[in-house]
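Have a look at the structure below, then the notes.
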Amino acid sequence: MKITVLYNRDFDHQAPQDDPGFAARAEVEGVAEAVAAALSAHGAEANLLPVFGHAFRFVARLAEDPPDLVFNLCESLAGDARGELAVPAILDTLGVPYTGSPAVAIALALHKHKAKEILAAAGVPVPAGAVIRRLEEAAQLGLPFPLMVKPAREDASVGISRRSVVHNHEELQQQVAFVLETHRQEVVVEQYVEGREIYVALLGNDPPELLPLTEIDFSALPSDRPRIVTYEAKWASGSVEDVGTAPRLVELEDEATRQRVEQVARTAFRALELRDYGRIDLRLAADGTPYVIDVNANCALAPDAGYARAAAAAGLPYDALIGRLAEIARKRTHADPHWQAERPAPTRRAAQPHRELHARGSRVRRGAPRAGRRRRT
Ligand SMILES: Nc1ncnc2c1ncn2[C@@H]1O[C@H](COP(=O)(O)OP(=O)(O)O)[C@@H](O)[C@H]1O
Ligand SMILES: [Mg+2]
């Protein structure tokens with residue numbers, strides 16, 4: 001099987017000091033290499049394909065020589081997290097199967113306020129909150145403190161620091177202003193949920209399998225810091241906040257709570273149309289309610305990241321996990337009657353998108369879709 005490992009190579013697009021998510025972006029190249037090595041160990045022909053900045057060369061490359069599967073690791077385009085959702089949309093348009101969530105799930109995970117609305121409608125507990133677009137709106141919230149302030153369209157704790165938990169109007173104004181100015185996007189302000197932080201990793205579809213749970217151990221965090229996982233905690237290795245937010249595998253003692261957590265995670269996975277793998281993050285309130293605080297459709301697949309640790313604990317070491325993800329995506333695609341029926345013959349498939357990409361003037365019409373060549377949706 002020919003597999004292309006697609007990843008964003010945009011960490012040097014901006015100077016590190018100008019890019020609040022630099023460390024997160026710089027990591028993905030190493031992950032791509034680890035994934036390619038794991039796929040090769042499974043006998044696949046794995047090739048790395050970096051996506052540079054704005055250059056859409058990868059589209060032409062995939063159209064000219066389509067692989068059997070794309071292992072999609074793209075988390076941004078041109079240093080902008082919003083580009084993450086364009087990649088699965090492009091792959092769907094090309095008719096190339098790929099691992100992981102479709103554009104709709106990625107989009108929702110990156111529009112936290114929209115995801116919350118859908119989760120609430122599906123009966124999933126989410127913290128009460130609001131989305132703020134202009135600073136003046138912060139004064140009219142009427143939510144009880146403490147509150148959590150976060151950028152609506154980031155992940156990897158970009159924009160999250162100890163100042164993200166606010167206790168009064170002054171702190172709220174300051175932090176909302178900071179997010180608006182620095183991250184130039186909507187701000188989610190929501191109830192700060194005091195309680196244990198639990199991550200649920202899910203694998204596969206119909207129904208997704210639950211991997212062992214992870215809990216963040218805040219016991220080594222100095223008492224003056226809020227119990228949250230900040231950017232420093234995730235990306236400044238050895239820092240006070242890193243050491244004070246150690247992830248560890250956990251089994252929930254209380255059977256009713258465990259069942260509730262599993263049910264909430266599965267419902268969230270389905271409600272937001274996640275696929276193949278993903279991680280749902282919860283905070284367990286004192287009354288046992290598992291509030292979903294974050295949905296990670298495109299969670300990190302680094303060998304030392306939480307998802308791989310949970311898989312290893314379930315008897316799937318890294319190479320086996322990566323092989324399994326490729327297999328899940330391949331089977332899902334081939335079992336999809338739409339994909340089967342609408343898939344162009346391989347030679348035409350290679351030639352056609354190429355012609356369309358280079359089509360000019362009247363040739364555009366010649367390259368237009370013919371009957372029986374509807375795009376897979
Ligand atoms: N409503 C909340 N209550 C308590 N802690 C929260 C809440 N929302 C976020 N956090 C804390 O902030 C961290 C990062 O927030 P999250 O929404 O997961 O952002 P990201 O998508 O960047 O990972 C979480 O891991 C958690 O520790
Ligand atoms: Mg998170």
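Following the order of the structure tokens, chains are lettered A, B, ..., residues in each are numbered from 1, and ligands are numbered from 1.
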Sort by chain and increasing residue number a table of all residues of chain A within 12 Å of ligand 2, each with its closest pair of atoms and their distance in Å to one decimal, counting only C-alpha atoms and all ligand atoms, and write it as CSV.
residue,atom,partner,partner_atom_place_in_ligand_line,distance
A:Ala109,CA,ligand 2,1 (Mg),10.0
A:Leu110,CA,ligand 2,1 (Mg),10.9
A:Lys112,CA,ligand 2,1 (Mg),10.6
A:Lys150,CA,ligand 2,1 (Mg),10.6
A:Pro151,CA,ligand 2,1 (Mg),11.5
A:Ala152,CA,ligand 2,1 (Mg),11.6
A:Arg153,CA,ligand 2,1 (Mg),11.5
A:Glu154,CA,ligand 2,1 (Mg),9.2
A:Asp155,CA,ligand 2,1 (Mg),6.1
A:Ala156,CA,ligand 2,1 (Mg),6.0
A:Ser157,CA,ligand 2,1 (Mg),6.1
A:Val158,CA,ligand 2,1 (Mg),9.4
A:Gly159,CA,ligand 2,1 (Mg),11.3
A:Ile160,CA,ligand 2,1 (Mg),9.8
A:Glu197,CA,ligand 2,1 (Mg),10.3
A:Ile198,CA,ligand 2,1 (Mg),10.7
A:Tyr199,CA,ligand 2,1 (Mg),9.1
A:Val200,CA,ligand 2,1 (Mg),11.5
A:Ile216,CA,ligand 2,1 (Mg),11.8
A:Ile228,CA,ligand 2,1 (Mg),9.9
A:Val229,CA,ligand 2,1 (Mg),8.0
A:Thr230,CA,ligand 2,1 (Mg),9.3
A:Tyr231,CA,ligand 2,1 (Mg),10.0
A:Ala233,CA,ligand 2,1 (Mg),11.7
A:Lys234,CA,ligand 2,1 (Mg),10.0
A:Gly278,CA,ligand 2,1 (Mg),11.6
A:Arg279,CA,ligand 2,1 (Mg),9.0
A:Ile280,CA,ligand 2,1 (Mg),8.4
A:Asp281,CA,ligand 2,1 (Mg),6.5
A:Leu282,CA,ligand 2,1 (Mg),9.2
A:Arg283,CA,ligand 2,1 (Mg),11.1
A:Val292,CA,ligand 2,1 (Mg),10.1
A:Ile293,CA,ligand 2,1 (Mg),7.4
A:Asp294,CA,ligand 2,1 (Mg),5.1
A:Val295,CA,ligand 2,1 (Mg),7.0
A:Asn296,CA,ligand 2,1 (Mg),6.9
A:Ala297,CA,ligand 2,1 (Mg),10.6
A:Asn298,CA,ligand 2,1 (Mg),11.1
A:Cys299,CA,ligand 2,1 (Mg),9.1
A:Ala300,CA,ligand 2,1 (Mg),10.8
A:Gly306,CA,ligand 2,1 (Mg),11.6
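Look at stretch 70-85 of chain A: the protein and nucleic acid residues within 6 Å of it, using only C-alpha atoms and passing over chain neighbours fewer than 6 places away, are Ile3, Thr4, Val5, Leu6, Tyr7, Asn8, Asp10, Gly53, His54, Tyr98, Thr99, Ala103, Ile106 and Ala107 of chain A.
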Just to be explicit: take each residue in the selection above, keep all heavy atoms, and write the result as an mmCIF file, in the first residue's frame.
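Dumped everything to part_23.cif:
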data_model
loop_
_atom_site.group_PDB
_atom_site.id
_atom_site.type_symbol
_atom_site.label_atom_id
_atom_site.label_comp_id
_atom_site.auth_asym_id
_atom_site.auth_seq_id
_atom_site.Cartn_x
_atom_site.Cartn_y
_atom_site.Cartn_z
ATOM 1 N N ILE A 3 1.360 4.964 0.922
ATOM 2 C CA ILE A 3 0.762 5.924 1.856
ATOM 3 C C ILE A 3 1.594 7.213 1.874
ATOM 4 O O ILE A 3 2.808 7.180 2.039
ATOM 5 C CB ILE A 3 0.689 5.350 3.290
ATOM 6 C CG1 ILE A 3 -0.073 4.020 3.281
ATOM 7 C CG2 ILE A 3 0.016 6.344 4.233
ATOM 8 C CD1 ILE A 3 -0.223 3.366 4.634
ATOM 9 N N THR A 4 0.909 8.340 1.699
ATOM 10 C CA THR A 4 1.585 9.642 1.802
ATOM 11 C C THR A 4 1.315 10.223 3.182
ATOM 12 O O THR A 4 0.164 10.362 3.584
ATOM 13 C CB THR A 4 1.050 10.605 0.724
ATOM 14 O OG1 THR A 4 1.395 10.068 -0.556
ATOM 15 C CG2 THR A 4 1.670 11.987 0.874
ATOM 16 N N VAL A 5 2.381 10.537 3.908
ATOM 17 C CA VAL A 5 2.230 11.176 5.217
ATOM 18 C C VAL A 5 2.293 12.694 4.982
ATOM 19 O O VAL A 5 3.330 13.239 4.629
ATOM 20 C CB VAL A 5 3.337 10.716 6.194
ATOM 21 C CG1 VAL A 5 3.146 11.373 7.550
ATOM 22 C CG2 VAL A 5 3.346 9.195 6.319
ATOM 23 N N LEU A 6 1.148 13.333 5.143
ATOM 24 C CA LEU A 6 1.012 14.762 4.828
ATOM 25 C C LEU A 6 1.101 15.564 6.117
ATOM 26 O O LEU A 6 0.384 15.276 7.083
ATOM 27 C CB LEU A 6 -0.356 14.981 4.167
ATOM 28 C CG LEU A 6 -0.617 16.298 3.476
ATOM 29 C CD1 LEU A 6 0.255 16.435 2.234
ATOM 30 C CD2 LEU A 6 -2.094 16.401 3.070
ATOM 31 N N TYR A 7 1.978 16.573 6.142
ATOM 32 C CA TYR A 7 2.111 17.355 7.383
ATOM 33 C C TYR A 7 2.451 18.802 7.038
ATOM 34 O O TYR A 7 2.963 19.099 5.964
ATOM 35 C CB TYR A 7 3.176 16.742 8.301
ATOM 36 C CG TYR A 7 4.583 16.835 7.767
ATOM 37 C CD1 TYR A 7 5.452 17.831 8.226
ATOM 38 C CD2 TYR A 7 5.041 15.960 6.791
ATOM 39 C CE1 TYR A 7 6.743 17.934 7.719
ATOM 40 C CE2 TYR A 7 6.321 16.057 6.282
ATOM 41 C CZ TYR A 7 7.169 17.052 6.748
ATOM 42 O OH TYR A 7 8.429 17.158 6.242
ATOM 43 N N ASN A 8 2.143 19.701 7.980
ATOM 44 C CA ASN A 8 2.424 21.111 7.750
ATOM 45 C C ASN A 8 3.860 21.423 8.154
ATOM 46 O O ASN A 8 4.284 21.117 9.260
ATOM 47 C CB ASN A 8 1.461 21.987 8.555
ATOM 48 C CG ASN A 8 1.380 21.593 10.009
ATOM 49 O OD1 ASN A 8 0.914 20.495 10.328
ATOM 50 N ND2 ASN A 8 1.832 22.452 10.887
ATOM 51 N N ASP A 10 5.272 24.532 8.413
ATOM 52 C CA ASP A 10 5.135 25.989 8.384
ATOM 53 C C ASP A 10 5.654 26.637 9.657
ATOM 54 O O ASP A 10 5.353 27.782 9.937
ATOM 55 C CB ASP A 10 3.659 26.377 8.178
ATOM 56 C CG ASP A 10 2.737 25.741 9.206
ATOM 57 O OD1 ASP A 10 3.236 24.987 10.054
ATOM 58 O OD2 ASP A 10 1.527 26.003 9.156
ATOM 59 N N GLY A 53 3.919 26.589 3.785
ATOM 60 C CA GLY A 53 3.229 27.866 3.738
ATOM 61 C C GLY A 53 1.970 27.870 2.893
ATOM 62 O O GLY A 53 1.147 26.967 2.973
ATOM 63 N N HIS A 54 1.855 28.864 2.049
ATOM 64 C CA HIS A 54 0.665 29.012 1.218
ATOM 65 C C HIS A 54 0.729 28.149 -0.040
ATOM 66 O O HIS A 54 -0.234 28.066 -0.787
ATOM 67 C CB HIS A 54 0.503 30.469 0.769
ATOM 68 C CG HIS A 54 -0.149 31.315 1.804
ATOM 69 N ND1 HIS A 54 -1.428 31.065 2.243
ATOM 70 C CD2 HIS A 54 0.290 32.372 2.507
ATOM 71 C CE1 HIS A 54 -1.746 31.958 3.160
ATOM 72 N NE2 HIS A 54 -0.708 32.763 3.343
ATOM 73 N N TYR A 98 -8.159 9.309 3.315
ATOM 74 C CA TYR A 98 -7.207 9.790 4.324
ATOM 75 C C TYR A 98 -7.630 9.363 5.715
ATOM 76 O O TYR A 98 -8.796 9.065 5.958
ATOM 77 C CB TYR A 98 -7.074 11.326 4.256
ATOM 78 C CG TYR A 98 -8.382 12.066 4.406
ATOM 79 C CD1 TYR A 98 -8.824 12.526 5.642
ATOM 80 C CD2 TYR A 98 -9.189 12.295 3.291
ATOM 81 C CE1 TYR A 98 -10.027 13.201 5.765
ATOM 82 C CE2 TYR A 98 -10.397 12.967 3.409
ATOM 83 C CZ TYR A 98 -10.810 13.416 4.645
ATOM 84 O OH TYR A 98 -12.013 14.072 4.774
ATOM 85 N N THR A 99 -6.667 9.364 6.602
ATOM 86 C CA THR A 99 -6.936 9.005 7.992
ATOM 87 C C THR A 99 -7.572 10.197 8.705
ATOM 88 O O THR A 99 -7.279 11.351 8.405
ATOM 89 C CB THR A 99 -5.628 8.658 8.737
ATOM 90 O OG1 THR A 99 -4.732 9.762 8.611
ATOM 91 C CG2 THR A 99 -4.981 7.400 8.208
ATOM 92 N N ALA A 103 -13.498 17.480 7.270
ATOM 93 C CA ALA A 103 -13.413 18.936 7.495
ATOM 94 C C ALA A 103 -14.440 19.427 8.511
ATOM 95 O O ALA A 103 -14.141 20.296 9.334
ATOM 96 C CB ALA A 103 -13.585 19.670 6.164
ATOM 97 N N ILE A 106 -13.154 18.897 12.041
ATOM 98 C CA ILE A 106 -12.001 19.762 12.319
ATOM 99 C C ILE A 106 -12.488 21.197 12.509
ATOM 100 O O ILE A 106 -12.042 21.918 13.401
ATOM 101 C CB ILE A 106 -10.977 19.719 11.150
ATOM 102 C CG1 ILE A 106 -10.599 18.287 10.807
ATOM 103 C CG2 ILE A 106 -9.777 20.611 11.429
ATOM 104 C CD1 ILE A 106 -9.385 17.722 11.415
ATOM 105 N N ALA A 107 -13.423 21.612 11.662
ATOM 106 C CA ALA A 107 -13.950 22.977 11.751
ATOM 107 C C ALA A 107 -14.634 23.191 13.097
ATOM 108 O O ALA A 107 -14.436 24.223 13.747
ATOM 109 C CB ALA A 107 -14.926 23.236 10.608
#
| Two-atom distance - atom CA of A:Leu213, atom CA of A:Leu249 (Å) | 5.7 Å
| From the list A:Ala139, A:Ala285, A:Ala268, A:Ala128, which residue is nearest A:Glu194 when using only C-alpha atoms? | A:Ala285
| Between A:Val104, A:Ala177, A:Val96, A:Met148, which one has atoms that come closest to A:Asp65, using only C-alpha atoms? | A:Val96
| query | Which is closest to ligand 1 among A:Glu255, A:Asp304, A:Asp92, A:Glu190, if we use only C-alpha atoms and all ligand atoms? | reply | A:Glu190
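Note that atom CA of A:Val264 and atom CA of A:Leu143 are 24.5 Å apart.
Here atom CA of A:Ile322 is placed at a distance of 28.7 Å from atom CA of A:Arg260.
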| message | Env of A:Ser164: 10 Å cut, atoms = only C-alpha atoms, seq-sep filter 6 positions within chain, self excluded. Answer as a PyMOL selection string. | response | chain A and resi 147-151+171-172+174-176+178-179+189+192+226+228+230
Given the selection you just returned, output its residues as a file containing N, CA, C and O atoms, formatted as a compact mmCIF listing (two decimals), in the first residue's frame.
# COMPACT_ATOMS: atom_id res chain seq x y z
N LEU A 147 -14.08 32.47 35.96
CA LEU A 147 -14.35 32.15 34.56
C LEU A 147 -13.05 31.78 33.85
O LEU A 147 -11.97 32.17 34.27
N MET A 148 -13.21 31.04 32.78
CA MET A 148 -12.08 30.64 31.95
C MET A 148 -12.16 31.44 30.66
O MET A 148 -13.24 31.54 30.05
N VAL A 149 -11.05 32.04 30.24
CA VAL A 149 -11.03 32.86 29.02
C VAL A 149 -10.10 32.20 28.01
O VAL A 149 -8.92 31.98 28.30
N LYS A 150 -10.63 31.84 26.85
CA LYS A 150 -9.74 31.18 25.87
C LYS A 150 -10.06 31.60 24.44
O LYS A 150 -11.20 31.93 24.12
N PRO A 151 -9.04 31.55 23.57
CA PRO A 151 -9.30 31.84 22.16
C PRO A 151 -10.26 30.79 21.62
O PRO A 151 -10.16 29.61 21.97
N GLU A 171 -9.86 41.49 35.85
CA GLU A 171 -9.07 40.41 35.23
C GLU A 171 -9.73 39.93 33.94
O GLU A 171 -9.05 39.63 32.95
N LEU A 172 -11.04 39.88 33.96
CA LEU A 172 -11.77 39.44 32.77
C LEU A 172 -11.50 40.39 31.59
O LEU A 172 -11.15 39.95 30.49
N GLN A 174 -9.02 42.42 31.16
CA GLN A 174 -7.61 42.34 30.75
C GLN A 174 -7.36 41.14 29.86
O GLN A 174 -6.71 41.22 28.83
N GLN A 175 -7.90 39.99 30.28
CA GLN A 175 -7.59 38.77 29.54
C GLN A 175 -8.34 38.73 28.20
O GLN A 175 -7.79 38.26 27.21
N VAL A 176 -9.56 39.21 28.19
CA VAL A 176 -10.29 39.27 26.93
C VAL A 176 -9.56 40.20 25.96
O VAL A 176 -9.37 39.86 24.78
N PHE A 178 -6.42 40.88 25.91
CA PHE A 178 -5.19 40.18 25.50
C PHE A 178 -5.48 39.20 24.36
O PHE A 178 -4.79 39.18 23.35
N VAL A 179 -6.52 38.38 24.52
CA VAL A 179 -6.81 37.37 23.49
C VAL A 179 -7.24 38.05 22.18
O VAL A 179 -6.80 37.66 21.10
N VAL A 189 -15.63 32.74 26.77
CA VAL A 189 -15.59 32.93 28.23
C VAL A 189 -16.58 31.94 28.81
O VAL A 189 -17.74 31.92 28.39
N TYR A 192 -15.47 28.31 34.90
CA TYR A 192 -14.29 27.52 35.24
C TYR A 192 -14.78 26.31 36.03
O TYR A 192 -15.42 26.46 37.07
N PRO A 226 -3.34 28.28 38.92
CA PRO A 226 -4.61 27.58 38.70
C PRO A 226 -4.37 26.17 38.15
O PRO A 226 -3.37 25.93 37.47
N ILE A 228 -4.83 24.26 35.68
CA ILE A 228 -5.14 24.14 34.25
C ILE A 228 -3.86 23.79 33.49
O ILE A 228 -2.76 23.96 34.00
N THR A 230 -1.63 24.88 30.76
CA THR A 230 -1.30 26.08 29.98
C THR A 230 -0.38 25.75 28.80
O THR A 230 0.10 24.62 28.67
| Which polymer residues have any atom within 8 Å of an atom of A:Pro303, counting only C-alpha atoms, with same-chain residues fewer than 4 positions away left out, as a list in words? | Val31, Ala34, Ala308, Arg309 and Tyr318 of chain A
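Nearest residue to ligand 1, choosing from A:Ala115, A:Leu210, A:Met1, A:Val51 and counting only C-alpha atoms and all ligand atoms: A:Ala115.
Backbone DSSP over stretch 139-245 of chain A gives strand (DSSP E or B) for Leu147, Met148, Val149, Lys150, Pro151, Val165, Val166, Val187, Val188, Val189, Glu190, Gln191, Arg196, Glu197, Ile198, Tyr199, Val200, Ala201, Leu202, Leu203, Glu209, Leu210, Leu213, Thr214, Glu215, Ile216 and Asp217 of chain A.
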| request: Pick out the closest residue to A:Ala256 from this set: A:Thr289, A:Asn47, A:Gln173, A:Ser239. Count only C-alpha atoms. | output: A:Thr289
From a DSSP pass on the backbone, collect the residues of stretch 229-284 of chain A flagged as alpha helix (DSSP H) and hand them back as a PDB file with N, CA, C and O atoms, in the first residue's frame.
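Generated file (result-v8.pdb):
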ATOM      1  N   TYR A 231      -0.120  26.768  28.000  1.00  0.00           N
ATOM      2  CA  TYR A 231       0.838  26.607  26.895  1.00  0.00           C
ATOM      3  C   TYR A 231       2.214  26.237  27.460  1.00  0.00           C
ATOM      4  O   TYR A 231       2.890  25.355  26.945  1.00  0.00           O
ATOM      5  N   GLU A 232       2.591  26.920  28.536  1.00  0.00           N
ATOM      6  CA  GLU A 232       3.891  26.603  29.161  1.00  0.00           C
ATOM      7  C   GLU A 232       3.918  25.142  29.605  1.00  0.00           C
ATOM      8  O   GLU A 232       4.903  24.428  29.414  1.00  0.00           O
ATOM      9  N   ALA A 233       2.813  24.669  30.167  1.00  0.00           N
ATOM     10  CA  ALA A 233       2.756  23.280  30.637  1.00  0.00           C
ATOM     11  C   ALA A 233       2.951  22.307  29.490  1.00  0.00           C
ATOM     12  O   ALA A 233       3.610  21.277  29.624  1.00  0.00           O
ATOM     13  N   LYS A 234       2.399  22.647  28.317  1.00  0.00           N
ATOM     14  CA  LYS A 234       2.483  21.706  27.190  1.00  0.00           C
ATOM     15  C   LYS A 234       3.796  21.800  26.435  1.00  0.00           C
ATOM     16  O   LYS A 234       4.272  20.810  25.892  1.00  0.00           O
ATOM     17  N   TRP A 235       4.376  22.999  26.385  1.00  0.00           N
ATOM     18  CA  TRP A 235       5.477  23.195  25.440  1.00  0.00           C
ATOM     19  C   TRP A 235       6.801  23.623  26.054  1.00  0.00           C
ATOM     20  O   TRP A 235       7.812  23.593  25.350  1.00  0.00           O
ATOM     21  N   VAL A 240       7.919  24.741  35.540  1.00  0.00           N
ATOM     22  CA  VAL A 240       7.110  24.487  36.736  1.00  0.00           C
ATOM     23  C   VAL A 240       5.729  23.947  36.337  1.00  0.00           C
ATOM     24  O   VAL A 240       5.211  23.003  36.934  1.00  0.00           O
ATOM     25  N   GLU A 241       5.164  24.547  35.287  1.00  0.00           N
ATOM     26  CA  GLU A 241       3.810  24.141  34.903  1.00  0.00           C
ATOM     27  C   GLU A 241       3.805  22.798  34.162  1.00  0.00           C
ATOM     28  O   GLU A 241       2.821  22.058  34.230  1.00  0.00           O
ATOM     29  N   ASP A 242       4.899  22.485  33.490  1.00  0.00           N
ATOM     30  CA  ASP A 242       5.007  21.163  32.856  1.00  0.00           C
ATOM     31  C   ASP A 242       5.059  20.089  33.944  1.00  0.00           C
ATOM     32  O   ASP A 242       4.269  19.135  33.945  1.00  0.00           O
ATOM     33  N   VAL A 243       5.960  20.278  34.889  1.00  0.00           N
ATOM     34  CA  VAL A 243       6.138  19.286  35.962  1.00  0.00           C
ATOM     35  C   VAL A 243       4.856  19.168  36.800  1.00  0.00           C
ATOM     36  O   VAL A 243       4.484  18.091  37.260  1.00  0.00           O
ATOM     37  N   GLU A 255     -18.068   3.349  39.541  1.00  0.00           N
ATOM     38  CA  GLU A 255     -18.593   2.726  38.318  1.00  0.00           C
ATOM     39  C   GLU A 255     -19.569   3.656  37.571  1.00  0.00           C
ATOM     40  O   GLU A 255     -19.513   3.786  36.342  1.00  0.00           O
ATOM     41  N   ALA A 256     -20.437   4.321  38.324  1.00  0.00           N
ATOM     42  CA  ALA A 256     -21.429   5.191  37.678  1.00  0.00           C
ATOM     43  C   ALA A 256     -20.730   6.349  36.959  1.00  0.00           C
ATOM     44  O   ALA A 256     -21.084   6.716  35.829  1.00  0.00           O
ATOM     45  N   THR A 257     -19.706   6.908  37.598  1.00  0.00           N
ATOM     46  CA  THR A 257     -18.963   8.015  36.973  1.00  0.00           C
ATOM     47  C   THR A 257     -18.244   7.527  35.718  1.00  0.00           C
ATOM     48  O   THR A 257     -18.242   8.200  34.682  1.00  0.00           O
ATOM     49  N   ARG A 258     -17.641   6.343  35.829  1.00  0.00           N
ATOM     50  CA  ARG A 258     -16.912   5.798  34.675  1.00  0.00           C
ATOM     51  C   ARG A 258     -17.852   5.635  33.478  1.00  0.00           C
ATOM     52  O   ARG A 258     -17.540   6.036  32.358  1.00  0.00           O
ATOM     53  N   GLN A 259     -19.029   5.082  33.750  1.00  0.00           N
ATOM     54  CA  GLN A 259     -19.984   4.875  32.661  1.00  0.00           C
ATOM     55  C   GLN A 259     -20.436   6.205  32.061  1.00  0.00           C
ATOM     56  O   GLN A 259     -20.591   6.343  30.851  1.00  0.00           O
ATOM     57  N   ARG A 260     -20.640   7.177  32.929  1.00  0.00           N
ATOM     58  CA  ARG A 260     -21.085   8.495  32.463  1.00  0.00           C
ATOM     59  C   ARG A 260     -20.008   9.139  31.574  1.00  0.00           C
ATOM     60  O   ARG A 260     -20.301   9.689  30.520  1.00  0.00           O
ATOM     61  N   VAL A 261     -18.756   9.015  32.021  1.00  0.00           N
ATOM     62  CA  VAL A 261     -17.635   9.575  31.256  1.00  0.00           C
ATOM     63  C   VAL A 261     -17.566   8.921  29.869  1.00  0.00           C
ATOM     64  O   VAL A 261     -17.430   9.599  28.849  1.00  0.00           O
ATOM     65  N   GLU A 262     -17.704   7.598  29.844  1.00  0.00           N
ATOM     66  CA  GLU A 262     -17.608   6.881  28.565  1.00  0.00           C
ATOM     67  C   GLU A 262     -18.753   7.275  27.632  1.00  0.00           C
ATOM     68  O   GLU A 262     -18.555   7.503  26.442  1.00  0.00           O
ATOM     69  N   GLN A 263     -19.933   7.372  28.207  1.00  0.00           N
ATOM     70  CA  GLN A 263     -21.105   7.697  27.389  1.00  0.00           C
ATOM     71  C   GLN A 263     -20.995   9.130  26.832  1.00  0.00           C
ATOM     72  O   GLN A 263     -21.261   9.377  25.650  1.00  0.00           O
ATOM     73  N   VAL A 264     -20.542  10.039  27.677  1.00  0.00           N
ATOM     74  CA  VAL A 264     -20.385  11.439  27.246  1.00  0.00           C
ATOM     75  C   VAL A 264     -19.332  11.532  26.134  1.00  0.00           C
ATOM     76  O   VAL A 264     -19.524  12.215  25.121  1.00  0.00           O
ATOM     77  N   ALA A 265     -18.223  10.814  26.304  1.00  0.00           N
ATOM     78  CA  ALA A 265     -17.147  10.871  25.301  1.00  0.00           C
ATOM     79  C   ALA A 265     -17.622  10.309  23.963  1.00  0.00           C
ATOM     80  O   ALA A 265     -17.372  10.900  22.907  1.00  0.00           O
ATOM     81  N   ARG A 266     -18.322   9.172  24.003  1.00  0.00           N
ATOM     82  CA  ARG A 266     -18.815   8.577  22.752  1.00  0.00           C
ATOM     83  C   ARG A 266     -19.831   9.493  22.073  1.00  0.00           C
ATOM     84  O   ARG A 266     -19.814   9.675  20.856  1.00  0.00           O
ATOM     85  N   THR A 267     -20.722  10.083  22.881  1.00  0.00           N
ATOM     86  CA  THR A 267     -21.742  10.974  22.308  1.00  0.00           C
ATOM     87  C   THR A 267     -21.080  12.189  21.665  1.00  0.00           C
ATOM     88  O   THR A 267     -21.458  12.606  20.562  1.00  0.00           O
ATOM     89  N   ALA A 268     -20.074  12.747  22.345  1.00  0.00           N
ATOM     90  CA  ALA A 268     -19.382  13.925  21.803  1.00  0.00           C
ATOM     91  C   ALA A 268     -18.673  13.567  20.492  1.00  0.00           C
ATOM     92  O   ALA A 268     -18.722  14.326  19.515  1.00  0.00           O
ATOM     93  N   PHE A 269     -18.020  12.417  20.460  1.00  0.00           N
ATOM     94  CA  PHE A 269     -17.290  11.954  19.264  1.00  0.00           C
ATOM     95  C   PHE A 269     -18.241  11.899  18.068  1.00  0.00           C
ATOM     96  O   PHE A 269     -17.946  12.406  16.987  1.00  0.00           O
ATOM     97  N   ARG A 270     -19.421  11.298  18.299  1.00  0.00           N
ATOM     98  CA  ARG A 270     -20.380  11.150  17.204  1.00  0.00           C
ATOM     99  C   ARG A 270     -21.031  12.479  16.837  1.00  0.00           C
ATOM    100  O   ARG A 270     -21.200  12.796  15.663  1.00  0.00           O
ATOM    101  N   ALA A 271     -21.394  13.252  17.861  1.00  0.00           N
ATOM    102  CA  ALA A 271     -22.140  14.499  17.606  1.00  0.00           C
ATOM    103  C   ALA A 271     -21.335  15.447  16.731  1.00  0.00           C
ATOM    104  O   ALA A 271     -21.878  16.170  15.904  1.00  0.00           O
TER     105      ALA A 271
END
| Residue with smallest distance to ligand 1 - pool A:Val187, A:Leu252, A:Ala313, A:Ile90, counting only C-alpha atoms and all ligand atoms | A:Val187
